[in-house]
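Visitor: Before anything else, here's the structure in question.
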Amino acid sequence: MSDQAATHRVWRVGADIDTDALAPGAYMKFGIDEIARHCLQRVRPEFASQARPGDVLVAGPNFGIGSSREQAAAALVRLGIAAVIAPSFNGLYFRNAFNVGLLLLTCAQAEVLAEGERIALDPAAGRIRRAHGGPSELHCDAVPAFLLEMVQAGGLLNVLKQRKPQGRTPC
């Protein structure tokens, strides 16, 4: 999966973004559309209404700390966020994100990316290309093929549905 031709607009947030900021507890009784409308309202009140499909979120270390709620990743998917780029992620958030089809890029240099900057992603090669500013290319952890397959399919359930033989029912 190479996304080099497309560029993505950067949204910046700081370190230690927790799952309650991504999917506020007060809205958990509602569906994902309502949860997504309140995504990051505590730290970026304009984010949910102004983010556009294909935008990327760039964060400081420890992105996704807190509870294991998968809605914290699903809200970003619902908003059309193409990827989250950070130096480190909470382990449960990392797993939930790929399970719902959200691309995460672990990049030690993430914090050099600026708000509003345009970037191109090459997750299989572990590269982020910048349109302007230096350095022109950032290196991140390459994303394994099986995780890229999950992102391309829209999540783990879709991968499993694609692999299920037609006409067979589970035991």
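Numbering starts fresh at 1 for the residues of each chain in the structure tokens, the chains themselves are lettered A, B, ... in the order given, and ligands are numbered from 1 as they appear.
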Would you mind writing down, as a VMD selection string, each residue of chain A that DSSP on the backbone assigns to alpha helix (DSSP H)?
Guide: chain A and resid 19 to 22 32 to 37 47 to 50 71 to 78 91 to 99 145 to 153 156 to 163
Visitor: Selection from above, N, CA and C atoms, as a short mmCIF file (atom, residue, chain, number, x, y, z; two decimals), in the first residue's frame, can you write it?
Guide:
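again.cif, written as the output of this step:
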data_model
loop_
_atom_site.label_atom_id
_atom_site.label_comp_id
_atom_site.auth_asym_id
_atom_site.auth_seq_id
_atom_site.Cartn_x
_atom_site.Cartn_y
_atom_site.Cartn_z
N THR A 19 -8.06 8.00 25.51
CA THR A 19 -9.24 7.54 24.79
C THR A 19 -10.48 8.34 25.16
N ASP A 20 -10.51 8.95 26.32
CA ASP A 20 -11.66 9.78 26.69
C ASP A 20 -11.69 11.07 25.87
N ALA A 21 -10.54 11.56 25.45
CA ALA A 21 -10.51 12.73 24.57
C ALA A 21 -10.99 12.35 23.17
N LEU A 22 -10.69 11.14 22.74
CA LEU A 22 -11.07 10.68 21.41
C LEU A 22 -12.53 10.25 21.34
N ILE A 32 -21.70 5.60 16.95
CA ILE A 32 -20.39 6.13 16.56
C ILE A 32 -20.49 7.49 15.86
N ASP A 33 -21.58 7.78 15.17
CA ASP A 33 -21.71 9.09 14.54
C ASP A 33 -21.70 10.21 15.58
N GLU A 34 -22.44 10.02 16.65
CA GLU A 34 -22.49 11.04 17.72
C GLU A 34 -21.16 11.11 18.46
N ILE A 35 -20.56 9.98 18.74
CA ILE A 35 -19.25 9.96 19.41
C ILE A 35 -18.24 10.72 18.56
N ALA A 36 -18.23 10.47 17.26
CA ALA A 36 -17.27 11.13 16.36
C ALA A 36 -17.45 12.64 16.35
N ARG A 37 -18.68 13.11 16.49
CA ARG A 37 -18.93 14.57 16.51
C ARG A 37 -18.26 15.25 17.71
N PHE A 47 -11.96 20.29 15.79
CA PHE A 47 -11.46 19.15 15.02
C PHE A 47 -12.56 18.36 14.32
N ALA A 48 -13.54 17.89 15.04
CA ALA A 48 -14.56 17.01 14.46
C ALA A 48 -15.34 17.69 13.34
N SER A 49 -15.59 18.98 13.46
CA SER A 49 -16.38 19.66 12.43
C SER A 49 -15.53 20.11 11.24
N GLN A 50 -14.22 20.26 11.43
CA GLN A 50 -13.38 20.78 10.35
C GLN A 50 -12.47 19.74 9.70
N GLN A 71 -14.11 2.55 20.31
CA GLN A 71 -14.73 3.73 19.71
C GLN A 71 -13.72 4.88 19.57
N ALA A 72 -12.66 4.87 20.39
CA ALA A 72 -11.65 5.91 20.30
C ALA A 72 -10.93 5.88 18.95
N ALA A 73 -10.77 4.72 18.38
CA ALA A 73 -10.20 4.60 17.03
C ALA A 73 -11.30 4.71 15.98
N ALA A 74 -12.44 4.12 16.25
CA ALA A 74 -13.55 4.13 15.30
C ALA A 74 -14.04 5.55 15.02
N ALA A 75 -13.97 6.45 16.00
CA ALA A 75 -14.40 7.84 15.78
C ALA A 75 -13.52 8.51 14.74
N LEU A 76 -12.23 8.24 14.76
CA LEU A 76 -11.32 8.82 13.76
C LEU A 76 -11.60 8.23 12.38
N VAL A 77 -11.90 6.95 12.33
CA VAL A 77 -12.26 6.32 11.05
C VAL A 77 -13.53 6.97 10.51
N ARG A 78 -14.52 7.16 11.37
CA ARG A 78 -15.80 7.76 10.95
C ARG A 78 -15.58 9.16 10.40
N GLY A 91 -0.62 0.17 23.68
CA GLY A 91 -0.74 -1.13 23.02
C GLY A 91 -2.16 -1.52 22.68
N LEU A 92 -3.11 -1.30 23.59
CA LEU A 92 -4.50 -1.64 23.31
C LEU A 92 -5.06 -0.76 22.20
N TYR A 93 -4.72 0.51 22.22
CA TYR A 93 -5.19 1.42 21.17
C TYR A 93 -4.63 0.98 19.82
N PHE A 94 -3.36 0.60 19.80
CA PHE A 94 -2.72 0.16 18.56
C PHE A 94 -3.50 -1.00 17.95
N ARG A 95 -3.83 -1.98 18.76
CA ARG A 95 -4.56 -3.16 18.27
C ARG A 95 -5.97 -2.77 17.81
N ASN A 96 -6.66 -1.98 18.62
CA ASN A 96 -8.02 -1.55 18.26
C ASN A 96 -8.03 -0.75 16.96
N ALA A 97 -7.03 0.10 16.77
CA ALA A 97 -7.00 0.95 15.58
C ALA A 97 -6.94 0.10 14.32
N PHE A 98 -6.02 -0.83 14.26
CA PHE A 98 -5.93 -1.67 13.06
C PHE A 98 -7.16 -2.56 12.93
N ASN A 99 -7.73 -3.00 14.04
CA ASN A 99 -8.94 -3.83 13.99
C ASN A 99 -10.11 -3.10 13.33
N ALA A 145 2.59 -6.15 6.23
CA ALA A 145 1.58 -6.37 5.19
C ALA A 145 0.24 -6.79 5.77
N PHE A 146 0.22 -7.63 6.79
CA PHE A 146 -1.06 -8.09 7.33
C PHE A 146 -1.83 -6.95 7.99
N LEU A 147 -1.14 -5.97 8.55
CA LEU A 147 -1.83 -4.81 9.12
C LEU A 147 -2.31 -3.87 8.02
N LEU A 148 -1.52 -3.71 6.98
CA LEU A 148 -1.96 -2.89 5.84
C LEU A 148 -3.19 -3.51 5.18
N GLU A 149 -3.23 -4.84 5.12
CA GLU A 149 -4.40 -5.52 4.58
C GLU A 149 -5.64 -5.19 5.40
N MET A 150 -5.49 -5.13 6.71
CA MET A 150 -6.62 -4.79 7.58
C MET A 150 -7.09 -3.36 7.32
N VAL A 151 -6.16 -2.43 7.14
CA VAL A 151 -6.52 -1.04 6.86
C VAL A 151 -7.24 -0.95 5.52
N GLN A 152 -6.68 -1.59 4.50
CA GLN A 152 -7.27 -1.54 3.16
C GLN A 152 -8.68 -2.14 3.14
N ALA A 153 -8.89 -3.17 3.95
CA ALA A 153 -10.19 -3.85 3.99
C ALA A 153 -11.21 -3.11 4.85
N LEU A 156 -10.49 -5.68 10.67
CA LEU A 156 -10.33 -7.12 10.81
C LEU A 156 -11.57 -7.90 10.41
N LEU A 157 -12.75 -7.43 10.80
CA LEU A 157 -13.97 -8.17 10.45
C LEU A 157 -14.13 -8.27 8.94
N ASN A 158 -13.80 -7.23 8.22
CA ASN A 158 -13.89 -7.28 6.76
C ASN A 158 -12.87 -8.25 6.16
N VAL A 159 -11.68 -8.31 6.74
CA VAL A 159 -10.68 -9.27 6.28
C VAL A 159 -11.21 -10.69 6.47
N LEU A 160 -11.78 -10.96 7.63
CA LEU A 160 -12.30 -12.30 7.91
C LEU A 160 -13.47 -12.65 7.00
N LYS A 161 -14.34 -11.67 6.72
CA LYS A 161 -15.45 -11.92 5.79
C LYS A 161 -14.94 -12.25 4.40
N GLN A 162 -13.89 -11.58 3.96
CA GLN A 162 -13.32 -11.83 2.64
C GLN A 162 -12.71 -13.23 2.55
N ARG A 163 -12.20 -13.70 3.66
CA ARG A 163 -11.53 -15.01 3.67
C ARG A 163 -12.49 -16.17 3.87
#
Visitor: Name the residues in contact with A:Gly154 at a cut-off of 8 Å, using only C-alpha atoms, excluding same-chain residues fewer than 6 positions from it; report them as a count of residues only.
Guide: 3
Visitor: Restricting the calculation to only C-alpha atoms: of A:Ala23, A:Ala120, A:Ala6, A:Cys107, which residue gets closest to A:Phe89?
Guide: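 Smallest separation from A:Phe89 among the options: A:Cys107.
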Visitor: Go through A:Leu40, A:Ile65, A:Ile119, A:Val56 and flag the residue nearest A:Asp18, using only C-alpha atoms for the distances.
Guide: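 Checking each of A:Leu40, A:Ile65, A:Ile119, A:Val56 against A:Asp18, counting only C-alpha atoms, the winner is A:Ile65.
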Visitor: Between atom CA of A:Phe30 and atom CA of A:Gly66, what distance in Å does the model show, to one decimal?
Guide: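 Straight-line distance from atom CA of A:Phe30 to atom CA of A:Gly66 works out to 19.8 Å.
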Visitor: Please identify all polymer residues within 7 Å of stretch 60-63 of chain A, counting only C-alpha atoms, omitting same-chain residues fewer than 3 positions from it, and present them as a ChimeraX atom specification.
Guide: /A:13-18,86-90,111
Visitor: Which stretch 53-114 of chain A residues have any atom within 12 Å of an atom of stretch 122-139 of chain A, and for each, what is the nearest pair of atoms with distance in Å to one decimal, counting only C-alpha atoms, rows sorted by chain and number, as a Markdown table?
Guide:
| residue | atom | partner | partner_atom | distance |
| --- | --- | --- | --- | --- |
| A:Val56 | CA | A:Ile128 | CA | 11.6 |
| A:Val58 | CA | A:Ile128 | CA | 11.9 |
| A:Ala82 | CA | A:Pro123 | CA | 11.4 |
| A:Ala83 | CA | A:Pro123 | CA | 9.8 |
| A:Val84 | CA | A:Pro123 | CA | 11.4 |
| A:Ile85 | CA | A:Ile128 | CA | 9.7 |
| A:Ala86 | CA | A:His139 | CA | 11.8 |
| A:Pro87 | CA | A:His139 | CA | 11.1 |
| A:Leu103 | CA | A:Pro123 | CA | 8.5 |
| A:Leu104 | CA | A:Pro123 | CA | 8.8 |
| A:Leu105 | CA | A:Pro123 | CA | 7.1 |
| A:Thr106 | CA | A:Gly126 | CA | 8.8 |
| A:Cys107 | CA | A:His139 | CA | 6.5 |
| A:Ala108 | CA | A:His139 | CA | 8.0 |
| A:Gln109 | CA | A:Leu138 | CA | 6.7 |
| A:Ala110 | CA | A:Leu138 | CA | 8.0 |
| A:Glu111 | CA | A:Leu138 | CA | 10.7 |
| A:Val112 | CA | A:Pro135 | CA | 8.8 |
| A:Leu113 | CA | A:Arg130 | CA | 8.4 |
| A:Ala114 | CA | A:Gly133 | CA | 9.2 |
Visitor: Write a file of the selected residues as a compact mmCIF listing (two decimals), in the first residue's frame, keeping N, CA, C and O atoms.
Guide:
# COMPACT_ATOMS: atom_id res chain seq x y z
N VAL A 56 -4.67 13.74 8.33
CA VAL A 56 -3.94 12.90 9.29
C VAL A 56 -3.81 13.64 10.61
O VAL A 56 -3.79 14.87 10.66
N VAL A 58 -1.41 14.11 13.87
CA VAL A 58 -0.04 13.94 14.36
C VAL A 58 -0.03 14.29 15.83
O VAL A 58 -0.51 15.35 16.23
N ALA A 82 -7.06 9.56 7.72
CA ALA A 82 -6.30 8.56 6.98
C ALA A 82 -5.27 7.84 7.85
O ALA A 82 -4.97 6.68 7.60
N ALA A 83 -4.73 8.54 8.85
CA ALA A 83 -3.69 7.93 9.69
C ALA A 83 -3.48 8.78 10.93
O ALA A 83 -3.79 9.98 10.95
N VAL A 84 -2.92 8.14 11.94
CA VAL A 84 -2.41 8.84 13.12
C VAL A 84 -0.91 8.56 13.14
O VAL A 84 -0.48 7.41 13.00
N ILE A 85 -0.13 9.62 13.32
CA ILE A 85 1.32 9.52 13.35
C ILE A 85 1.78 10.00 14.72
O ILE A 85 1.42 11.11 15.14
N ALA A 86 2.54 9.19 15.43
CA ALA A 86 3.01 9.54 16.76
C ALA A 86 4.29 8.77 17.08
O ALA A 86 4.53 7.71 16.49
N PRO A 87 5.08 9.25 18.03
CA PRO A 87 6.28 8.51 18.43
C PRO A 87 5.95 7.18 19.13
O PRO A 87 6.73 6.23 19.06
N LEU A 103 -5.03 3.39 10.16
CA LEU A 103 -3.58 3.28 10.00
C LEU A 103 -2.88 4.09 11.09
O LEU A 103 -3.19 5.27 11.30
N LEU A 104 -1.93 3.45 11.76
CA LEU A 104 -1.06 4.12 12.73
C LEU A 104 0.37 4.03 12.23
O LEU A 104 0.81 2.95 11.81
N LEU A 105 1.08 5.14 12.30
CA LEU A 105 2.49 5.17 11.93
C LEU A 105 3.30 5.60 13.14
O LEU A 105 3.08 6.70 13.68
N THR A 106 4.20 4.74 13.58
CA THR A 106 5.07 5.05 14.70
C THR A 106 6.30 5.75 14.14
O THR A 106 7.09 5.15 13.40
N CYS A 107 6.45 7.01 14.49
CA CYS A 107 7.50 7.85 13.91
C CYS A 107 8.14 8.68 15.02
O CYS A 107 7.50 9.56 15.60
N ALA A 108 9.41 8.40 15.31
CA ALA A 108 10.12 9.12 16.36
C ALA A 108 10.18 10.62 16.08
O ALA A 108 10.21 11.43 17.00
N GLN A 109 10.17 10.99 14.80
CA GLN A 109 10.28 12.40 14.40
C GLN A 109 8.92 13.06 14.17
O GLN A 109 8.87 14.17 13.64
N ALA A 110 7.85 12.45 14.58
CA ALA A 110 6.51 12.96 14.28
C ALA A 110 6.33 14.42 14.67
O ALA A 110 5.67 15.18 13.95
N GLU A 111 6.92 14.81 15.76
CA GLU A 111 6.66 16.15 16.27
C GLU A 111 7.26 17.28 15.43
O GLU A 111 6.97 18.45 15.67
N VAL A 112 8.06 16.96 14.39
CA VAL A 112 8.56 18.02 13.50
C VAL A 112 7.51 18.40 12.46
O VAL A 112 7.64 19.44 11.82
N LEU A 113 6.47 17.57 12.30
CA LEU A 113 5.41 17.89 11.34
C LEU A 113 4.56 19.04 11.88
O LEU A 113 4.18 19.04 13.05
N ALA A 114 4.26 19.99 11.01
CA ALA A 114 3.56 21.20 11.43
C ALA A 114 2.07 21.14 11.12
O ALA A 114 1.64 20.48 10.17
Visitor: Ranking A:Ala26, A:Gly116, A:Ala51, A:Leu79 by minimum distance to A:Arg12 and counting only C-alpha atoms, which one comes first?
Guide: A:Gly116
Visitor: Work out how far apart atom CA of A:Gln41 and atom CA of A:Asp141 are and give it in Å to one decimal.
Guide: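 Computed distance, atom CA of A:Gln41 to atom CA of A:Asp141, equals 29.1 Å.
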Visitor: For the atom pair atom CA of A:Glu117 and atom CA of A:Pro45, what is the interatomic distance in Å to one decimal place?
Guide: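 Rounded to one decimal, the two atoms are 19.6 Å apart.
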Visitor: Please report, as a PDB file with N, CA, C and O atoms, in the first residue's frame, each residue of chain A to which DSSP assigns strand (DSSP E) when run on this structure's backbone.
Guide:
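Full text of out-v2.pdb as output:
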ATOM      1  N   ASP A   3       0.789   5.252  -0.680  1.00  0.00           N
ATOM      2  CA  ASP A   3      -0.131   6.372  -0.803  1.00  0.00           C
ATOM      3  C   ASP A   3       0.655   7.616  -1.202  1.00  0.00           C
ATOM      4  O   ASP A   3       0.286   8.716  -0.854  1.00  0.00           O
ATOM      5  N   GLN A   4       1.744   7.424  -1.933  1.00  0.00           N
ATOM      6  CA  GLN A   4       2.652   8.524  -2.219  1.00  0.00           C
ATOM      7  C   GLN A   4       2.038   9.622  -3.071  1.00  0.00           C
ATOM      8  O   GLN A   4       2.425  10.761  -2.962  1.00  0.00           O
ATOM      9  N   ALA A   5       1.114   9.295  -3.960  1.00  0.00           N
ATOM     10  CA  ALA A   5       0.541  10.298  -4.842  1.00  0.00           C
ATOM     11  C   ALA A   5      -0.376  11.264  -4.101  1.00  0.00           C
ATOM     12  O   ALA A   5      -0.442  12.433  -4.431  1.00  0.00           O
ATOM     13  N   ALA A   6      -1.080  10.777  -3.117  1.00  0.00           N
ATOM     14  CA  ALA A   6      -2.006  11.612  -2.361  1.00  0.00           C
ATOM     15  C   ALA A   6      -1.262  12.355  -1.258  1.00  0.00           C
ATOM     16  O   ALA A   6      -0.332  11.827  -0.663  1.00  0.00           O
ATOM     17  N   THR A   7      -1.696  13.581  -1.011  1.00  0.00           N
ATOM     18  CA  THR A   7      -1.149  14.293   0.139  1.00  0.00           C
ATOM     19  C   THR A   7      -2.260  14.478   1.158  1.00  0.00           C
ATOM     20  O   THR A   7      -3.449  14.509   0.825  1.00  0.00           O
ATOM     21  N   HIS A   8      -1.844  14.588   2.381  1.00  0.00           N
ATOM     22  CA  HIS A   8      -2.764  14.660   3.506  1.00  0.00           C
ATOM     23  C   HIS A   8      -2.444  15.888   4.359  1.00  0.00           C
ATOM     24  O   HIS A   8      -1.279  16.183   4.606  1.00  0.00           O
ATOM     25  N   ARG A   9      -3.483  16.556   4.823  1.00  0.00           N
ATOM     26  CA  ARG A   9      -3.314  17.727   5.691  1.00  0.00           C
ATOM     27  C   ARG A   9      -3.106  17.260   7.129  1.00  0.00           C
ATOM     28  O   ARG A   9      -3.810  16.381   7.626  1.00  0.00           O
ATOM     29  N   VAL A  10      -2.165  17.885   7.813  1.00  0.00           N
ATOM     30  CA  VAL A  10      -1.803  17.534   9.192  1.00  0.00           C
ATOM     31  C   VAL A  10      -2.615  18.341  10.201  1.00  0.00           C
ATOM     32  O   VAL A  10      -2.728  19.564  10.093  1.00  0.00           O
ATOM     33  N   TRP A  11      -3.164  17.618  11.176  1.00  0.00           N
ATOM     34  CA  TRP A  11      -3.737  18.200  12.393  1.00  0.00           C
ATOM     35  C   TRP A  11      -2.797  17.823  13.528  1.00  0.00           C
ATOM     36  O   TRP A  11      -2.399  16.670  13.637  1.00  0.00           O
ATOM     37  N   ARG A  12      -2.455  18.754  14.400  1.00  0.00           N
ATOM     38  CA  ARG A  12      -1.533  18.500  15.512  1.00  0.00           C
ATOM     39  C   ARG A  12      -2.262  18.448  16.843  1.00  0.00           C
ATOM     40  O   ARG A  12      -3.155  19.251  17.109  1.00  0.00           O
ATOM     41  N   VAL A  56      -4.667  13.742   8.334  1.00  0.00           N
ATOM     42  CA  VAL A  56      -3.940  12.904   9.288  1.00  0.00           C
ATOM     43  C   VAL A  56      -3.815  13.638  10.613  1.00  0.00           C
ATOM     44  O   VAL A  56      -3.794  14.873  10.658  1.00  0.00           O
ATOM     45  N   LEU A  57      -3.732  12.873  11.667  1.00  0.00           N
ATOM     46  CA  LEU A  57      -3.560  13.407  13.005  1.00  0.00           C
ATOM     47  C   LEU A  57      -2.142  13.096  13.452  1.00  0.00           C
ATOM     48  O   LEU A  57      -1.714  11.938  13.363  1.00  0.00           O
ATOM     49  N   VAL A  58      -1.407  14.108  13.874  1.00  0.00           N
ATOM     50  CA  VAL A  58      -0.040  13.936  14.356  1.00  0.00           C
ATOM     51  C   VAL A  58      -0.027  14.287  15.833  1.00  0.00           C
ATOM     52  O   VAL A  58      -0.514  15.346  16.233  1.00  0.00           O
ATOM     53  N   ALA A  83      -4.728   8.539   8.849  1.00  0.00           N
ATOM     54  CA  ALA A  83      -3.694   7.933   9.687  1.00  0.00           C
ATOM     55  C   ALA A  83      -3.478   8.781  10.931  1.00  0.00           C
ATOM     56  O   ALA A  83      -3.791   9.976  10.951  1.00  0.00           O
ATOM     57  N   VAL A  84      -2.922   8.141  11.938  1.00  0.00           N
ATOM     58  CA  VAL A  84      -2.407   8.837  13.118  1.00  0.00           C
ATOM     59  C   VAL A  84      -0.912   8.560  13.142  1.00  0.00           C
ATOM     60  O   VAL A  84      -0.480   7.412  12.999  1.00  0.00           O
ATOM     61  N   ILE A  85      -0.134   9.617  13.322  1.00  0.00           N
ATOM     62  CA  ILE A  85       1.323   9.519  13.353  1.00  0.00           C
ATOM     63  C   ILE A  85       1.777  10.003  14.721  1.00  0.00           C
ATOM     64  O   ILE A  85       1.425  11.108  15.136  1.00  0.00           O
ATOM     65  N   ALA A  86       2.539   9.187  15.432  1.00  0.00           N
ATOM     66  CA  ALA A  86       3.012   9.543  16.764  1.00  0.00           C
ATOM     67  C   ALA A  86       4.288   8.768  17.076  1.00  0.00           C
ATOM     68  O   ALA A  86       4.531   7.707  16.486  1.00  0.00           O
ATOM     69  N   LEU A 103      -5.029   3.387  10.162  1.00  0.00           N
ATOM     70  CA  LEU A 103      -3.585   3.284   9.999  1.00  0.00           C
ATOM     71  C   LEU A 103      -2.880   4.088  11.088  1.00  0.00           C
ATOM     72  O   LEU A 103      -3.190   5.268  11.296  1.00  0.00           O
ATOM     73  N   LEU A 104      -1.926   3.446  11.759  1.00  0.00           N
ATOM     74  CA  LEU A 104      -1.064   4.124  12.727  1.00  0.00           C
ATOM     75  C   LEU A 104       0.369   4.029  12.233  1.00  0.00           C
ATOM     76  O   LEU A 104       0.811   2.953  11.807  1.00  0.00           O
ATOM     77  N   LEU A 105       1.080   5.140  12.302  1.00  0.00           N
ATOM     78  CA  LEU A 105       2.487   5.165  11.932  1.00  0.00           C
ATOM     79  C   LEU A 105       3.297   5.601  13.144  1.00  0.00           C
ATOM     80  O   LEU A 105       3.084   6.700  13.676  1.00  0.00           O
ATOM     81  N   THR A 106       4.201   4.738  13.575  1.00  0.00           N
ATOM     82  CA  THR A 106       5.073   5.049  14.701  1.00  0.00           C
ATOM     83  C   THR A 106       6.303   5.748  14.139  1.00  0.00           C
ATOM     84  O   THR A 106       7.090   5.148  13.401  1.00  0.00           O
ATOM     85  N   ARG A 118       1.292  19.552   4.367  1.00  0.00           N
ATOM     86  CA  ARG A 118       0.850  18.483   3.458  1.00  0.00           C
ATOM     87  C   ARG A 118       1.939  17.414   3.413  1.00  0.00           C
ATOM     88  O   ARG A 118       3.122  17.741   3.234  1.00  0.00           O
ATOM     89  N   ILE A 119       1.520  16.158   3.578  1.00  0.00           N
ATOM     90  CA  ILE A 119       2.470  15.053   3.572  1.00  0.00           C
ATOM     91  C   ILE A 119       1.927  13.894   2.735  1.00  0.00           C
ATOM     92  O   ILE A 119       0.725  13.782   2.524  1.00  0.00           O
ATOM     93  N   ALA A 120       2.836  13.048   2.268  1.00  0.00           N
ATOM     94  CA  ALA A 120       2.485  11.813   1.568  1.00  0.00           C
ATOM     95  C   ALA A 120       2.991  10.651   2.412  1.00  0.00           C
ATOM     96  O   ALA A 120       4.060  10.732   3.024  1.00  0.00           O
ATOM     97  N   LEU A 121       2.223   9.583   2.436  1.00  0.00           N
ATOM     98  CA  LEU A 121       2.541   8.432   3.284  1.00  0.00           C
ATOM     99  C   LEU A 121       2.938   7.229   2.444  1.00  0.00           C
ATOM    100  O   LEU A 121       2.308   6.939   1.427  1.00  0.00           O
ATOM    101  N   ASP A 122       3.937   6.518   2.908  1.00  0.00           N
ATOM    102  CA  ASP A 122       4.316   5.228   2.328  1.00  0.00           C
ATOM    103  C   ASP A 122       4.517   4.275   3.512  1.00  0.00           C
ATOM    104  O   ASP A 122       5.645   4.027   3.947  1.00  0.00           O
ATOM    105  N   ARG A 127       7.909   5.458   5.369  1.00  0.00           N
ATOM    106  CA  ARG A 127       8.328   6.806   4.977  1.00  0.00           C
ATOM    107  C   ARG A 127       7.166   7.775   4.975  1.00  0.00           C
ATOM    108  O   ARG A 127       6.056   7.430   4.576  1.00  0.00           O
ATOM    109  N   ILE A 128       7.476   8.998   5.370  1.00  0.00           N
ATOM    110  CA  ILE A 128       6.559  10.128   5.255  1.00  0.00           C
ATOM    111  C   ILE A 128       7.310  11.188   4.467  1.00  0.00           C
ATOM    112  O   ILE A 128       8.419  11.580   4.838  1.00  0.00           O
ATOM    113  N   ARG A 129       6.712  11.624   3.370  1.00  0.00           N
ATOM    114  CA  ARG A 129       7.344  12.664   2.550  1.00  0.00           C
ATOM    115  C   ARG A 129       6.639  13.985   2.803  1.00  0.00           C
ATOM    116  O   ARG A 129       5.417  14.045   2.776  1.00  0.00           O
ATOM    117  N   ARG A 130       7.452  15.015   3.000  1.00  0.00           N
ATOM    118  CA  ARG A 130       6.926  16.351   3.259  1.00  0.00           C
ATOM    119  C   ARG A 130       6.964  17.172   1.983  1.00  0.00           C
ATOM    120  O   ARG A 130       7.929  17.123   1.235  1.00  0.00           O
ATOM    121  N   GLU A 137      12.011  13.999   4.151  1.00  0.00           N
ATOM    122  CA  GLU A 137      11.478  12.662   4.378  1.00  0.00           C
ATOM    123  C   GLU A 137      11.721  12.258   5.821  1.00  0.00           C
ATOM    124  O   GLU A 137      12.806  12.470   6.358  1.00  0.00           O
ATOM    125  N   LEU A 138      10.695  11.703   6.437  1.00  0.00           N
ATOM    126  CA  LEU A 138      10.807  11.181   7.796  1.00  0.00           C
ATOM    127  C   LEU A 138      10.695   9.665   7.732  1.00  0.00           C
ATOM    128  O   LEU A 138       9.948   9.126   6.915  1.00  0.00           O
ATOM    129  N   HIS A 139      11.415   9.009   8.599  1.00  0.00           N
ATOM    130  CA  HIS A 139      11.369   7.554   8.653  1.00  0.00           C
ATOM    131  C   HIS A 139      10.535   7.122   9.859  1.00  0.00           C
ATOM    132  O   HIS A 139      10.607   7.728  10.928  1.00  0.00           O
TER     133      HIS A 139
END
